[in-house]
Amino acid sequence: MEVSLILNQKRLTIHEAHDLLKTRQLSSVELTKAYLERIREIDPGVHAFVTVTDELALKQAQKADGIIARGDIGPLTGIPGLIKDNICTRGVLTTCSSKMLANFVPPYAATVVERLEAGGAVVVGKANMDEFAMGSSTENSAIFTTRNPWDLSRVPGGSSGGSAAAVVAGEAVYALGSDTGGSIRQPAGFCSITGLKPTYGLVSRYGLVAFASSLDQIGPLTQDVTDCALVMNAIAGHDPRDSTSAPNPIPDYTHSLKTDLTGLRLGIPREYFVEGMQTQVADAIRVAISQLEELGATVNRAASLPHTRYALAVYYIIAPSEASANLARYDGVKYGFSYQDTDNMWEAMEKTRQYGFGPEVKRRIMLGTYALSAGYYDAYYLKAQKVRTIIRQEFDEIFKQFDALITPTSPTVPFKVGEKTADPLQMYLSDVCTLPINIAGVPAISIPAGFVEGLPIGMQIIGRPFGEETILQIAYAYEQATEWHKRRPSI
Ligand code: GLN
């Protein structure tokens with residue numbers, strides 16, 4: 001079978017590729033070669049890949065074909081996936097799209113990568129991102145800006161923009177991203193794919209380069225909800241190497257893929273239809289909500305999470321504070337970029353940080369250092385932590401009434417490259433709907449819910465802590481009742 005032909009006409013999902021591999025209509029080596037060829041062909045326009053791991057991928061594909069021949073095929077065996085470049089891959093460059101780590105080859109792999117590889121997965125490369133995951137457009141990457149495959153003059157979202165763009169463009173079957181304030185969901189929404197930010201603690205952070213440790217989570221970016229469940233099955237679960245990892249037993253997430261929503265109570269928190277939201281985005285989500293009602297759910301359109309309006313402020317104290325501590329380790333001594341053309345150690349460290357970090361990363365370090373400094377700690381950091389507690393309690397309360405909450409993922413469709421780079425606050429505002437979820441630590445998924453003039457709109461479904469099964473069910477029911485997830489850009 002001519003694989004590249006299939007890929008040009010149609011993007012294979014994990015479950016479709018699995019069926020072809022299992023029935024031996026296709027080998028993993030053929031499939032992997034077709035993806036590598038497509039990456040070579042279209043990535044010069046998309047810029048989703050920091051590193052393409054040709055050799056490794058083909059080796060893994062050969063191994064996968066061996067596993068398949070033995071009849072041991074698993075759901076991800078032999079299927080090409082992509083890893084965000086802040087997730088450590090043993091022996092493979094992990095740059096965080098930063099000059100600081102441009103030469104960093106980790107001697108170990110993240111737990112999620114180990115788990116994928118144990119299941120026979122094939123890794124085709126490392127995905128571009130905003131430097132150290134700080135941003136919403138990939139324009140903060142020190143390497144290049146990833147383009148949105150729906151319109152190459154627009155951003156794919158961020159910070160997992162490379163992961164999302166590659167998946168929708170058919171350069172990888174699925175990808176892993178990380179989400180601290182929206183970095184999986186916002187690019188998934190901007191690219192019209194599925195992206196899940198799991199409950200804090202559900203997926204191991206071991207080997208994820210830390211940005212804000214109390215908010216960071218790894219999760220899947222996939223072409224449909226079934227694939228999302230399959231990747232979650234592979235990566236979720238307790239890890240003794242991550243002290244914040246939850247001990248909860250992991251269900252088979254594919255059991256949640258049901259099309260009936262009878263009995264489910266959905267809340268629409270009105271604060272999430274924020275001022276400045278594009279009317280077509282709000283309208284599309286309202287239509288989607290009516291469809292969820294038709295599928296059997298009970299909807300309350302007057303739900304409220306009043307402290308949501310403080311989430312942005314709280315996030316931009318807590319995330320930079322944690323970042324300023326986490327990024328203190330980049331001093332040019334142990335690994336990464338090192339400026340050595342000086343007479344003394346202090347100047348070497350200063351210059352290493354001056355030239356190694358980009359402007360947004362420095363802005364966050366300064367914000368965080370300021371918020372944590374003596375005299376300001378109580379006024380900013382401590383206050384933000386107190387408001388964080390109130391926001392969490394508000395989520396606990398609202399989930400006594402509802403099984404899930406529905407909001408837009410982002411206030412706008414993908415914006416133009418360069419449109420928001422001059423004003424950091426404008427950029428920060430693109431995450432107003434996603435940030436509160438990380439503050440609360442609950443799970444949320446973004447799924448395709450329409451288009452405005454050819455540009456994607458994402459719908460966010462928020463769940464209780466460890467309520468992934470419920471939000472996957474709602475996402476699946478909506479997806480099966482609509483066609484949005486089948487549309488693909490003609491790239
Ligand atoms: N855009 C947000 C920020 O810049 C969130 C990023 C993320 O989730 N990693 O902090």
# chains A, B, ... in the order shown; residues from 1 in each chain; ligands from 1
call {"tool": "residues_near_ligand", "arguments": {"ligand": "ligand 1", "cutoff": "9 Å", "atoms": "only C-alpha atoms and all ligand atoms", "output": "ChimeraX atom specification"}}
result
/A:130,132-137,157-160,178-186,211-212,215-217,315-316,319-320,360,364,427-431,434-435,438
call {"tool": "select_by_dssp", "arguments": {"residues": "range 11-230 of chain A", "states": "alpha helix (DSSP H)", "output": "VMD selection string"}}
result
chain A and resid 14 to 22 28 to 46 54 to 69 111 to 118 161 to 168 185 to 191 225 to 230
call {"tool": "residues_around", "arguments": {"residues": "range 273-289 of chain A", "least_positions_apart": "3", "cutoff": "7 Å", "atoms": "only C-alpha atoms", "output": "PyMOL selection string"}}
result
chain A and resi 270+292-293+408+411-412+449-450+452+457+459
call {"tool": "select_by_dssp", "arguments": {"residues": "range 157-252 of chain A", "states": "strand (DSSP E)", "output": "PDB file with N, CA and C atoms, in the first residue's frame"}}
result
ATOM      1  N   TYR A 174       0.214  11.729  16.604  1.00  0.00           N
ATOM      2  CA  TYR A 174      -0.211  12.377  17.848  1.00  0.00           C
ATOM      3  C   TYR A 174       1.020  13.037  18.462  1.00  0.00           C
ATOM      4  N   ALA A 175       0.802  13.823  19.499  1.00  0.00           N
ATOM      5  CA  ALA A 175       1.939  14.468  20.162  1.00  0.00           C
ATOM      6  C   ALA A 175       1.684  14.574  21.654  1.00  0.00           C
ATOM      7  N   LEU A 176       2.779  14.755  22.397  1.00  0.00           N
ATOM      8  CA  LEU A 176       2.655  15.114  23.808  1.00  0.00           C
ATOM      9  C   LEU A 176       2.978  16.600  23.942  1.00  0.00           C
ATOM     10  N   GLY A 177       2.251  17.259  24.849  1.00  0.00           N
ATOM     11  CA  GLY A 177       2.529  18.652  25.146  1.00  0.00           C
ATOM     12  C   GLY A 177       2.572  18.824  26.651  1.00  0.00           C
ATOM     13  N   SER A 178       2.770  20.058  27.102  1.00  0.00           N
ATOM     14  CA  SER A 178       2.657  20.346  28.529  1.00  0.00           C
ATOM     15  C   SER A 178       1.779  21.574  28.676  1.00  0.00           C
ATOM     16  N   ASP A 179       1.111  21.674  29.832  1.00  0.00           N
ATOM     17  CA  ASP A 179       0.107  22.714  30.038  1.00  0.00           C
ATOM     18  C   ASP A 179       0.264  23.261  31.452  1.00  0.00           C
ATOM     19  N   THR A 194      -7.743  17.712  19.369  1.00  0.00           N
ATOM     20  CA  THR A 194      -8.135  17.447  20.753  1.00  0.00           C
ATOM     21  C   THR A 194      -6.914  17.571  21.660  1.00  0.00           C
ATOM     22  N   GLY A 195      -7.058  18.309  22.766  1.00  0.00           N
ATOM     23  CA  GLY A 195      -5.941  18.437  23.709  1.00  0.00           C
ATOM     24  C   GLY A 195      -6.446  18.335  25.136  1.00  0.00           C
ATOM     25  N   LEU A 196      -5.819  17.485  25.932  1.00  0.00           N
ATOM     26  CA  LEU A 196      -6.258  17.277  27.323  1.00  0.00           C
ATOM     27  C   LEU A 196      -5.186  17.688  28.317  1.00  0.00           C
ATOM     28  N   LYS A 197      -5.590  18.532  29.272  1.00  0.00           N
ATOM     29  CA  LYS A 197      -4.740  18.846  30.425  1.00  0.00           C
ATOM     30  C   LYS A 197      -5.282  17.994  31.557  1.00  0.00           C
ATOM     31  N   GLN A 217       1.453  20.169  33.851  1.00  0.00           N
ATOM     32  CA  GLN A 217       1.023  18.795  33.590  1.00  0.00           C
ATOM     33  C   GLN A 217       1.321  18.453  32.136  1.00  0.00           C
ATOM     34  N   ILE A 218       1.697  17.192  31.899  1.00  0.00           N
ATOM     35  CA  ILE A 218       1.880  16.692  30.531  1.00  0.00           C
ATOM     36  C   ILE A 218       0.556  16.107  30.065  1.00  0.00           C
ATOM     37  N   GLY A 219       0.248  16.227  28.781  1.00  0.00           N
ATOM     38  CA  GLY A 219      -0.970  15.603  28.256  1.00  0.00           C
ATOM     39  C   GLY A 219      -0.903  15.413  26.757  1.00  0.00           C
ATOM     40  N   PRO A 220      -1.906  14.693  26.197  1.00  0.00           N
ATOM     41  CA  PRO A 220      -1.922  14.380  24.771  1.00  0.00           C
ATOM     42  C   PRO A 220      -2.537  15.462  23.880  1.00  0.00           C
ATOM     43  N   LEU A 221      -2.008  15.571  22.659  1.00  0.00           N
ATOM     44  CA  LEU A 221      -2.646  16.347  21.581  1.00  0.00           C
ATOM     45  C   LEU A 221      -2.899  15.348  20.460  1.00  0.00           C
ATOM     46  N   THR A 222      -4.167  15.142  20.138  1.00  0.00           N
ATOM     47  CA  THR A 222      -4.520  14.063  19.217  1.00  0.00           C
ATOM     48  C   THR A 222      -5.574  14.518  18.219  1.00  0.00           C
TER      49      THR A 222
END
call {"tool": "residues_around", "arguments": {"residues": "Gly336 in chain A", "least_positions_apart": "5", "cutoff": "6 Å", "atoms": "only C-alpha atoms", "output": "MDAnalysis selection string"}}
result
chainID A and resid 100:101 103:104
call {"tool": "write_last_selection", "arguments": {"atoms": "C-alpha atoms", "output": "PDB file, in the first residue's frame"}}
result
ATOM      1  CA  MET A 100      20.136  28.073  27.170  1.00  0.00           C
ATOM      2  CA  LEU A 101      19.553  24.382  26.413  1.00  0.00           C
ATOM      3  CA  ASN A 103      23.127  21.707  23.344  1.00  0.00           C
ATOM      4  CA  PHE A 104      21.391  19.764  26.117  1.00  0.00           C
TER       5      PHE A 104
END
call {"tool": "closest_residue", "arguments": {"among": "A:Arg90, A:Lys258, A:Lys84, A:Lys486", "to": "Asn128 in chain A", "atoms": "only C-alpha atoms"}}
result
A:Lys84
call {"tool": "residues_around", "arguments": {"residues": "Ser98 in chain A", "least_positions_apart": "4", "cutoff": "10 Å", "atoms": "only C-alpha atoms", "output": "MDAnalysis selection string"}}
result
chainID A and resid 85:86 94 102:103 128:133 140:143 336:337 356:358 361
call {"tool": "atom_distance", "arguments": {"atom1": "CA of Thr95 in chain A", "atom2": "CA of Tyr355 in chain A"}}
result
15.1 Å
call {"tool": "closest_residue", "arguments": {"among": "A:Tyr330, A:Tyr35, A:Phe144, A:Phe49", "to": "Val173 in chain A", "atoms": "only C-alpha atoms"}}
result
A:Tyr35
call {"tool": "closest_residue", "arguments": {"among": "A:Val124, A:Cys433, A:Val50, A:Ala34", "to": "Thr138 in chain A", "atoms": "only C-alpha atoms"}}
result
A:Val50
call {"tool": "residues_around", "arguments": {"residues": "range 249-251 of chain A", "least_positions_apart": "5", "cutoff": "12 Å", "atoms": "only C-alpha atoms", "output": "list in words"}}
result
Leu202, Val203, Ala229, Leu230, Met232, Asn233, Ala234, Ile235, Ala236, Gly237, His238, Asp239, Ser256, Phe466, Gly467, Glu468, Glu469 and Thr470 of chain A
call {"tool": "write_last_selection", "arguments": {"atoms": "N, CA and C atoms", "output": "PDB file, in the first residue's frame"}}
result
ATOM      1  N   LEU A 202      -1.950  13.394  37.879  1.00  0.00           N
ATOM      2  CA  LEU A 202      -2.361  12.153  37.188  1.00  0.00           C
ATOM      3  C   LEU A 202      -1.261  11.622  36.262  1.00  0.00           C
ATOM      4  N   VAL A 203      -0.537  12.537  35.623  1.00  0.00           N
ATOM      5  CA  VAL A 203       0.541  12.126  34.715  1.00  0.00           C
ATOM      6  C   VAL A 203       1.866  12.590  35.331  1.00  0.00           C
ATOM      7  N   ALA A 229      -7.937   9.190  24.579  1.00  0.00           N
ATOM      8  CA  ALA A 229      -8.106   8.156  25.606  1.00  0.00           C
ATOM      9  C   ALA A 229      -6.981   7.120  25.518  1.00  0.00           C
ATOM     10  N   LEU A 230      -6.597   6.772  24.301  1.00  0.00           N
ATOM     11  CA  LEU A 230      -5.536   5.762  24.120  1.00  0.00           C
ATOM     12  C   LEU A 230      -4.192   6.267  24.651  1.00  0.00           C
ATOM     13  N   MET A 232      -3.815   8.601  26.951  1.00  0.00           N
ATOM     14  CA  MET A 232      -3.939   8.680  28.411  1.00  0.00           C
ATOM     15  C   MET A 232      -3.735   7.307  29.051  1.00  0.00           C
ATOM     16  N   ASN A 233      -4.285   6.277  28.437  1.00  0.00           N
ATOM     17  CA  ASN A 233      -4.077   4.925  28.968  1.00  0.00           C
ATOM     18  C   ASN A 233      -2.589   4.617  29.094  1.00  0.00           C
ATOM     19  N   ALA A 234      -1.819   5.132  28.135  1.00  0.00           N
ATOM     20  CA  ALA A 234      -0.386   4.821  28.124  1.00  0.00           C
ATOM     21  C   ALA A 234       0.407   5.660  29.133  1.00  0.00           C
ATOM     22  N   ILE A 235       0.035   6.939  29.305  1.00  0.00           N
ATOM     23  CA  ILE A 235       0.920   7.808  30.095  1.00  0.00           C
ATOM     24  C   ILE A 235       0.474   8.065  31.535  1.00  0.00           C
ATOM     25  N   ALA A 236      -0.811   7.863  31.853  1.00  0.00           N
ATOM     26  CA  ALA A 236      -1.292   8.196  33.199  1.00  0.00           C
ATOM     27  C   ALA A 236      -0.851   7.145  34.211  1.00  0.00           C
ATOM     28  N   GLY A 237      -0.803   7.555  35.460  1.00  0.00           N
ATOM     29  CA  GLY A 237      -0.541   6.574  36.509  1.00  0.00           C
ATOM     30  C   GLY A 237       0.604   6.950  37.422  1.00  0.00           C
ATOM     31  N   HIS A 238       0.573   6.371  38.606  1.00  0.00           N
ATOM     32  CA  HIS A 238       1.508   6.724  39.659  1.00  0.00           C
ATOM     33  C   HIS A 238       2.962   6.517  39.237  1.00  0.00           C
ATOM     34  N   ASP A 239       3.794   7.446  39.677  1.00  0.00           N
ATOM     35  CA  ASP A 239       5.230   7.351  39.419  1.00  0.00           C
ATOM     36  C   ASP A 239       5.977   7.740  40.693  1.00  0.00           C
ATOM     37  N   SER A 256     -14.888   5.226  28.459  1.00  0.00           N
ATOM     38  CA  SER A 256     -15.716   6.437  28.608  1.00  0.00           C
ATOM     39  C   SER A 256     -16.277   6.919  27.283  1.00  0.00           C
ATOM     40  N   PHE A 466      -9.751  14.292  38.818  1.00  0.00           N
ATOM     41  CA  PHE A 466      -9.804  12.907  38.352  1.00  0.00           C
ATOM     42  C   PHE A 466     -11.123  12.579  37.652  1.00  0.00           C
ATOM     43  N   GLY A 467     -11.754  13.608  37.091  1.00  0.00           N
ATOM     44  CA  GLY A 467     -13.003  13.407  36.330  1.00  0.00           C
ATOM     45  C   GLY A 467     -12.745  13.272  34.834  1.00  0.00           C
ATOM     46  N   GLU A 468     -11.575  12.764  34.469  1.00  0.00           N
ATOM     47  CA  GLU A 468     -11.237  12.617  33.045  1.00  0.00           C
ATOM     48  C   GLU A 468     -12.259  11.777  32.288  1.00  0.00           C
ATOM     49  N   GLU A 469     -12.785  10.736  32.950  1.00  0.00           N
ATOM     50  CA  GLU A 469     -13.715   9.864  32.223  1.00  0.00           C
ATOM     51  C   GLU A 469     -14.961  10.630  31.784  1.00  0.00           C
ATOM     52  N   THR A 470     -15.461  11.505  32.666  1.00  0.00           N
ATOM     53  CA  THR A 470     -16.661  12.272  32.327  1.00  0.00           C
ATOM     54  C   THR A 470     -16.391  13.249  31.181  1.00  0.00           C
TER      55      THR A 470
END
call {"tool": "closest_residue", "arguments": {"among": "A:Val123, A:Pro106, A:Tyr376, A:Gly74", "to": "Cys88 in chain A", "atoms": "only C-alpha atoms"}}
result
A:Pro106
call {"tool": "closest_residue", "arguments": {"among": "A:Lys400, A:Lys126, A:Arg464, A:Arg115", "to": "Val52 in chain A", "atoms": "only C-alpha atoms"}}
result
A:Lys126
call {"tool": "closest_residue", "arguments": {"among": "A:Pro489, A:Gly458, A:Tyr310, A:Ser243", "to": "Phe190 in chain A", "atoms": "only C-alpha atoms"}}
result
A:Gly458
call {"tool": "decode", "arguments": {"residues": "range 219-238 of chain A", "atoms": "N, CA, C and O atoms", "output": "short mmCIF file (atom, residue, chain, number, x, y, z; two decimals), in the first residue's frame"}}
result
data_model
loop_
_atom_site.label_atom_id
_atom_site.label_comp_id
_atom_site.auth_asym_id
_atom_site.auth_seq_id
_atom_site.Cartn_x
_atom_site.Cartn_y
_atom_site.Cartn_z
N GLY A 219 0.25 16.23 28.78
CA GLY A 219 -0.97 15.60 28.26
C GLY A 219 -0.90 15.41 26.76
O GLY A 219 0.02 15.90 26.09
N PRO A 220 -1.91 14.69 26.20
CA PRO A 220 -1.92 14.38 24.77
C PRO A 220 -2.54 15.46 23.88
O PRO A 220 -3.47 16.15 24.29
N LEU A 221 -2.01 15.57 22.66
CA LEU A 221 -2.65 16.35 21.58
C LEU A 221 -2.90 15.35 20.46
O LEU A 221 -1.94 14.75 19.93
N THR A 222 -4.17 15.14 20.14
CA THR A 222 -4.52 14.06 19.22
C THR A 222 -5.57 14.52 18.22
O THR A 222 -6.13 15.61 18.35
N GLN A 223 -5.83 13.65 17.23
CA GLN A 223 -6.78 14.04 16.19
C GLN A 223 -8.22 13.76 16.56
O GLN A 223 -9.13 14.27 15.91
N ASP A 224 -8.43 12.92 17.53
CA ASP A 224 -9.81 12.74 18.00
C ASP A 224 -9.80 12.27 19.45
O ASP A 224 -8.72 12.08 20.05
N VAL A 225 -10.99 12.12 20.01
CA VAL A 225 -11.11 11.83 21.43
C VAL A 225 -10.70 10.39 21.73
O VAL A 225 -10.11 10.10 22.78
N THR A 226 -10.95 9.49 20.79
CA THR A 226 -10.54 8.09 20.99
C THR A 226 -9.02 8.03 21.16
O THR A 226 -8.51 7.38 22.09
N ASP A 227 -8.31 8.74 20.29
CA ASP A 227 -6.84 8.77 20.40
C ASP A 227 -6.40 9.36 21.73
O ASP A 227 -5.41 8.92 22.33
N CYS A 228 -7.12 10.38 22.19
CA CYS A 228 -6.78 11.02 23.47
C CYS A 228 -6.86 9.98 24.60
O CYS A 228 -5.96 9.89 25.43
N ALA A 229 -7.94 9.19 24.58
CA ALA A 229 -8.11 8.16 25.61
C ALA A 229 -6.98 7.12 25.52
O ALA A 229 -6.45 6.67 26.55
N LEU A 230 -6.60 6.77 24.30
CA LEU A 230 -5.54 5.76 24.12
C LEU A 230 -4.19 6.27 24.65
O LEU A 230 -3.46 5.52 25.32
N VAL A 231 -3.87 7.53 24.40
CA VAL A 231 -2.61 8.07 24.90
C VAL A 231 -2.66 8.19 26.42
O VAL A 231 -1.68 7.89 27.12
N MET A 232 -3.82 8.60 26.95
CA MET A 232 -3.94 8.68 28.41
C MET A 232 -3.73 7.31 29.05
O MET A 232 -3.08 7.19 30.09
N ASN A 233 -4.28 6.28 28.44
CA ASN A 233 -4.08 4.93 28.97
C ASN A 233 -2.59 4.62 29.09
O ASN A 233 -2.15 3.94 30.03
N ALA A 234 -1.82 5.13 28.14
CA ALA A 234 -0.39 4.82 28.12
C ALA A 234 0.41 5.66 29.13
O ALA A 234 1.35 5.16 29.74
N ILE A 235 0.03 6.94 29.31
CA ILE A 235 0.92 7.81 30.09
C ILE A 235 0.47 8.07 31.54
O ILE A 235 1.29 8.48 32.36
N ALA A 236 -0.81 7.86 31.85
CA ALA A 236 -1.29 8.20 33.20
C ALA A 236 -0.85 7.15 34.21
O ALA A 236 -0.56 6.00 33.84
N GLY A 237 -0.80 7.55 35.46
CA GLY A 237 -0.54 6.57 36.51
C GLY A 237 0.60 6.95 37.42
O GLY A 237 1.47 7.76 37.07
N HIS A 238 0.57 6.37 38.61
CA HIS A 238 1.51 6.72 39.66
C HIS A 238 2.96 6.52 39.24
O HIS A 238 3.29 5.55 38.56
#
